[in-house]
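Student: My structure file structure_13.pdb, PDB, C-alpha atoms, pLDDT in the B column, is below:
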ATOM      1  CA  MET A1387      21.882   8.864 -49.753  1.00 86.00           C
ATOM      2  CA  GLU A1388      22.810  12.453 -50.583  1.00 92.00           C
ATOM      3  CA  ILE A1389      26.039  13.783 -49.031  1.00 96.00           C
ATOM      4  CA  VAL A1390      26.914  17.473 -49.452  1.00 96.00           C
ATOM      5  CA  PHE A1391      29.995  18.943 -47.793  1.00 96.00           C
ATOM      6  CA  GLY A1392      30.084  22.406 -46.269  1.00 93.00           C
ATOM      7  CA  GLU A1393      32.749  24.912 -47.173  1.00 90.00           C
ATOM      8  CA  GLU A1394      33.956  25.648 -43.633  1.00 92.00           C
ATOM      9  CA  THR A1395      36.998  23.814 -42.294  1.00 93.00           C
ATOM     10  CA  THR A1396      38.522  24.546 -38.903  1.00 93.00           C
ATOM     11  CA  MET A1397      41.360  23.269 -36.756  1.00 92.00           C
ATOM     12  CA  GLN A1398      40.549  22.673 -33.100  1.00 92.00           C
ATOM     13  CA  GLY A1399      43.783  21.794 -31.407  1.00 92.00           C
ATOM     14  CA  SER A1400      45.297  19.119 -33.628  1.00 92.00           C
ATOM     15  CA  THR A1401      41.996  18.038 -35.190  1.00 95.00           C
ATOM     16  CA  LEU A1402      40.721  19.099 -38.604  1.00 95.00           C
ATOM     17  CA  ARG A1403      36.931  19.528 -38.539  1.00 96.00           C
ATOM     18  CA  THR A1404      34.543  19.931 -41.433  1.00 96.00           C
ATOM     19  CA  HIS A1405      30.940  18.901 -41.896  1.00 96.00           C
ATOM     20  CA  ALA A1406      28.658  17.167 -44.320  1.00 97.00           C
ATOM     21  CA  ILE A1407      24.901  17.298 -44.727  1.00 96.00           C
ATOM     22  CA  VAL A1408      23.563  13.765 -45.136  1.00 95.00           C
ATOM     23  CA  ASP A1409      19.903  13.511 -46.071  1.00 92.00           C
ATOM     24  CA  GLY A1410      19.291  16.818 -44.280  1.00 93.00           C
ATOM     25  CA  ARG A1411      21.300  15.954 -41.121  1.00 94.00           C
ATOM     26  CA  GLU A1412      24.615  17.588 -40.239  1.00 96.00           C
ATOM     27  CA  ILE A1413      27.506  15.183 -39.670  1.00 97.00           C
ATOM     28  CA  GLU A1414      30.803  16.418 -38.231  1.00 97.00           C
ATOM     29  CA  CYS A1415      33.820  14.949 -40.036  1.00 97.00           C
ATOM     30  CA  LYS A1416      37.112  14.839 -38.121  1.00 97.00           C
ATOM     31  CA  ALA A1417      40.728  13.887 -38.797  1.00 96.00           C
ATOM     32  CA  ASP A1418      43.661  14.398 -36.442  1.00 93.00           C
ATOM     33  CA  MET A1419      47.246  15.305 -37.327  1.00 92.00           C
ATOM     34  CA  GLU A1420      48.246  11.630 -37.522  1.00 92.00           C
ATOM     35  CA  VAL A1421      45.730  11.187 -40.355  1.00 91.00           C
ATOM     36  CA  ILE A1422      46.781  14.398 -42.085  1.00 89.00           C
ATOM     37  CA  THR A1423      50.473  13.417 -41.888  1.00 88.00           C
ATOM     38  CA  GLU A1424      49.729   9.917 -43.206  1.00 86.00           C
ATOM     39  CA  PHE A1425      47.611  11.354 -46.018  1.00 85.00           C
ATOM     40  CA  ASP A1426      50.421  13.712 -46.987  1.00 84.00           C
ATOM     41  CA  GLU A1427      52.929  10.819 -47.043  1.00 84.00           C
ATOM     42  CA  GLN A1428      50.629   8.592 -49.111  1.00 79.00           C
ATOM     43  CA  ALA A1429      49.868  11.443 -51.510  1.00 79.00           C
ATOM     44  CA  LYS A1430      53.592  12.131 -52.012  1.00 81.00           C
ATOM     45  CA  LYS A1431      54.140   8.436 -52.846  1.00 81.00           C
ATOM     46  CA  SER A1432      51.457   8.832 -55.515  1.00 78.00           C
ATOM     47  CA  GLY A1433      53.039  12.014 -56.858  1.00 78.00           C
ATOM     48  CA  ILE A1434      50.286  14.282 -55.526  1.00 75.00           C
ATOM     49  CA  SER A1435      51.098  17.572 -53.821  1.00 72.00           C
ATOM     50  CA  VAL A1436      48.770  18.327 -50.907  1.00 72.00           C
ATOM     51  CA  GLY A1437      50.373  21.339 -49.242  1.00 71.00           C
ATOM     52  CA  LYS A1438      49.342  22.814 -45.898  1.00 75.00           C
ATOM     53  CA  ASP A1439      45.995  24.388 -46.848  1.00 79.00           C
ATOM     54  CA  MET A1440      43.522  22.808 -44.400  1.00 84.00           C
ATOM     55  CA  ALA A1441      40.543  23.435 -46.689  1.00 85.00           C
ATOM     56  CA  ALA A1442      42.330  21.654 -49.541  1.00 85.00           C
ATOM     57  CA  ILE A1443      43.254  18.775 -47.230  1.00 89.00           C
ATOM     58  CA  ALA A1444      39.634  18.515 -46.012  1.00 91.00           C
ATOM     59  CA  ASN A1445      38.509  18.473 -49.639  1.00 90.00           C
ATOM     60  CA  SER A1446      40.989  15.679 -50.416  1.00 89.00           C
ATOM     61  CA  LEU A1447      39.732  13.657 -47.422  1.00 93.00           C
ATOM     62  CA  ARG A1448      36.092  13.825 -48.549  1.00 95.00           C
ATOM     63  CA  PRO A1449      36.103  10.403 -50.264  1.00 93.00           C
ATOM     64  CA  PHE A1450      37.269   8.834 -47.005  1.00 93.00           C
ATOM     65  CA  PHE A1451      34.546  10.616 -45.008  1.00 96.00           C
ATOM     66  CA  VAL A1452      31.957   9.548 -47.597  1.00 96.00           C
ATOM     67  CA  ARG A1453      33.058   5.937 -47.249  1.00 94.00           C
ATOM     68  CA  LYS A1454      32.689   6.060 -43.457  1.00 95.00           C
ATOM     69  CA  ILE A1455      29.250   7.682 -43.705  1.00 96.00           C
ATOM     70  CA  GLU A1456      28.032   5.237 -46.347  1.00 95.00           C
ATOM     71  CA  ASN A1457      29.305   2.297 -44.275  1.00 94.00           C
ATOM     72  CA  GLY A1458      27.543   3.633 -41.171  1.00 95.00           C
ATOM     73  CA  SER A1459      30.866   3.944 -39.311  1.00 95.00           C
ATOM     74  CA  PHE A1460      29.741   6.761 -37.019  1.00 96.00           C
ATOM     75  CA  ASP A1461      31.482   7.612 -33.742  1.00 96.00           C
ATOM     76  CA  ASP A1462      28.460   6.652 -31.624  1.00 94.00           C
ATOM     77  CA  GLU A1463      24.750   5.886 -31.688  1.00 94.00           C
ATOM     78  CA  SER A1464      23.778   9.531 -32.171  1.00 93.00           C
ATOM     79  CA  ARG A1465      25.231   9.267 -35.716  1.00 93.00           C
ATOM     80  CA  THR A1466      26.343  12.912 -35.685  1.00 95.00           C
ATOM     81  CA  SER A1467      30.081  12.495 -36.349  1.00 97.00           C
ATOM     82  CA  VAL A1468      32.699  10.366 -38.067  1.00 97.00           C
ATOM     83  CA  THR A1469      36.400  10.321 -37.257  1.00 96.00           C
ATOM     84  CA  LEU A1470      38.891   9.159 -39.852  1.00 95.00           C
ATOM     85  CA  LEU A1471      41.698   7.014 -38.432  1.00 92.00           C
ATOM     86  CA  ALA A1472      45.161   6.646 -39.959  1.00 89.00           C
ATOM     87  CA  HIS A1473      44.915   2.871 -40.493  1.00 88.00           C
ATOM     88  CA  GLU A1474      41.592   3.340 -42.335  1.00 88.00           C
ATOM     89  CA  LEU A1475      43.189   5.900 -44.607  1.00 84.00           C
ATOM     90  CA  VAL A1476      46.120   3.608 -45.440  1.00 79.00           C
ATOM     91  CA  THR A1477      43.825   0.627 -46.097  1.00 82.00           C
ATOM     92  CA  PHE A1478      41.556   2.663 -48.344  1.00 79.00           C
ATOM     93  CA  MET A1479      44.447   4.173 -50.306  1.00 74.00           C
ATOM     94  CA  GLN A1480      46.098   0.766 -50.766  1.00 73.00           C
ATOM     95  CA  THR A1481      42.796  -0.711 -51.960  1.00 68.00           C
ATOM     96  CA  ARG A1482      42.372   2.094 -54.490  1.00 61.00           C
ATOM     97  CA  SER A1483      45.989   1.649 -55.624  1.00 58.00           C
ATOM     98  CA  ASP A1484      45.512  -2.113 -56.031  1.00 59.00           C
ATOM     99  CA  ASP A1485      42.283  -1.548 -57.966  1.00 57.00           C
ATOM    100  CA  GLY A1486      44.099   0.820 -60.312  1.00 53.00           C
ATOM    101  CA  ALA A1487      46.887  -1.710 -60.888  1.00 48.00           C
ATOM    102  CA  GLU A1488      44.366  -4.439 -61.715  1.00 50.00           C
ATOM    103  CA  SER A1489      42.555  -2.288 -64.272  1.00 46.00           C
ATOM    104  CA  ARG A1490      45.722  -1.638 -66.290  1.00 44.00           C
TER
END
Can the structure in the file be given as structure tokens, please?

Tutor:
Amino acid sequence: MEIVFGEETTMQGSTLRTHAIVDGREIECKADMEVITEFDEQAKKSGISVGKDMAAIANSLRPFFVRKIENGSFDDESRTSVTLLAHELVTFMQTRSDDGAESR
């Protein structure tokens, strides 16, 4: 599965929107302010500065969007969008943190 992200990131209301091309199909990738706030808090705990640049935030969220796409966790049967939820973000970041602790 080839996943290539576009460069354009927009805010519609309180939702960050970007897109990925997956095997030639466009997939909209979305995250609301709850996710962005949680990501910022988790990043700070890890000593990472995220800032307020939406394009940089979208870029940082790409691994989470990739995981949802690869797992087939689309918003509906049309498989044209994925929405990242705050609890998914926390679970994924904790898993990555635990994996890093085990490899030390």

Student: Taking into account all atoms listed in the file, which residue in the set A:Thr1469, A:Thr1404, A:Gln1428, A:Ser1464 is nearest to Ala1441 of chain A?

Tutor: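 The shortest atom-to-atom distance to Ala1441 of chain A comes from A:Thr1404.
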
Student: Applying 12 Å and all atoms listed in the file, which residues near Asn1445 of chain A remain after dropping the ones on its own chain fewer than 4 positions away? List them as a ChimeraX atom specification.

Tutor: /A:1390-1395,1402-1406,1415,1417,1422,1436,1439-1441,1449-1452

Student: Please compute the atom CA of Arg1453 of chain A-atom CA of Phe1478 of chain A distance, one decimal, in Å.

Tutor: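 It comes out at 9.2 Å.
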
Student: Interatomic distance between atom CA of Leu1471 of chain A and atom CA of Asp1418 of chain A?

Tutor: 7.9 Å

Student: Between atom CA of Gly1433 of chain A and atom CA of Leu1447 of chain A, what is the distance in Å, rounded to a tenth?

Tutor: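 We find that atom CA of Gly1433 of chain A and atom CA of Leu1447 of chain A lie 16.4 Å from each other.
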
Student: Smallest atom-to-atom distance to Phe1460 of chain A: which of A:Ile1443, A:Met1397, A:Met1419, A:Ile1413, using only C-alpha atoms?

Tutor: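 Of A:Ile1443, A:Met1397, A:Met1419, A:Ile1413, the one nearest Phe1460 of chain A, counting only C-alpha atoms, is A:Ile1413.
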
Student: For Val1421 of chain A, please output as an MDAnalysis selection string all residues within 9 Å (counting all atoms listed in the file; exclusion window: fewer than 4 positions along the same chain).

Tutor: chainID A and resid 1417 1425:1426 1470:1473 1475

Student: Identify which of the residues A:Ile1389, A:Thr1401, A:Gly1410, A:Thr1466 lies closest to Thr1423 of chain A, counting all atoms listed in the file when measuring atom-to-atom distances.

Tutor: A:Thr1401

Student: Here is a test: counting only C-alpha atoms, which residue of A:Ser1432, A:Thr1477, A:Ser1400, A:Asn1457 is nearest to Lys1416 of chain A?

Tutor: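 Ranking A:Ser1432, A:Thr1477, A:Ser1400, A:Asn1457 by distance to Lys1416 of chain A, first place goes to A:Ser1400.
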
Student: So which one's closest to Lys1454 of chain A, A:Glu1414, A:Glu1424, A:Gln1480, A:Lys1438? Using all atoms listed in the file, please.

Tutor: A:Glu1414

Student: Using all atoms listed in the file, can you tell me which of A:Lys1431, A:Ser1467, A:Ala1442, A:Gly1437 comes closest to Met1479 of chain A?

Tutor: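 Among the listed residues, A:Lys1431 lies closest to Met1479 of chain A.
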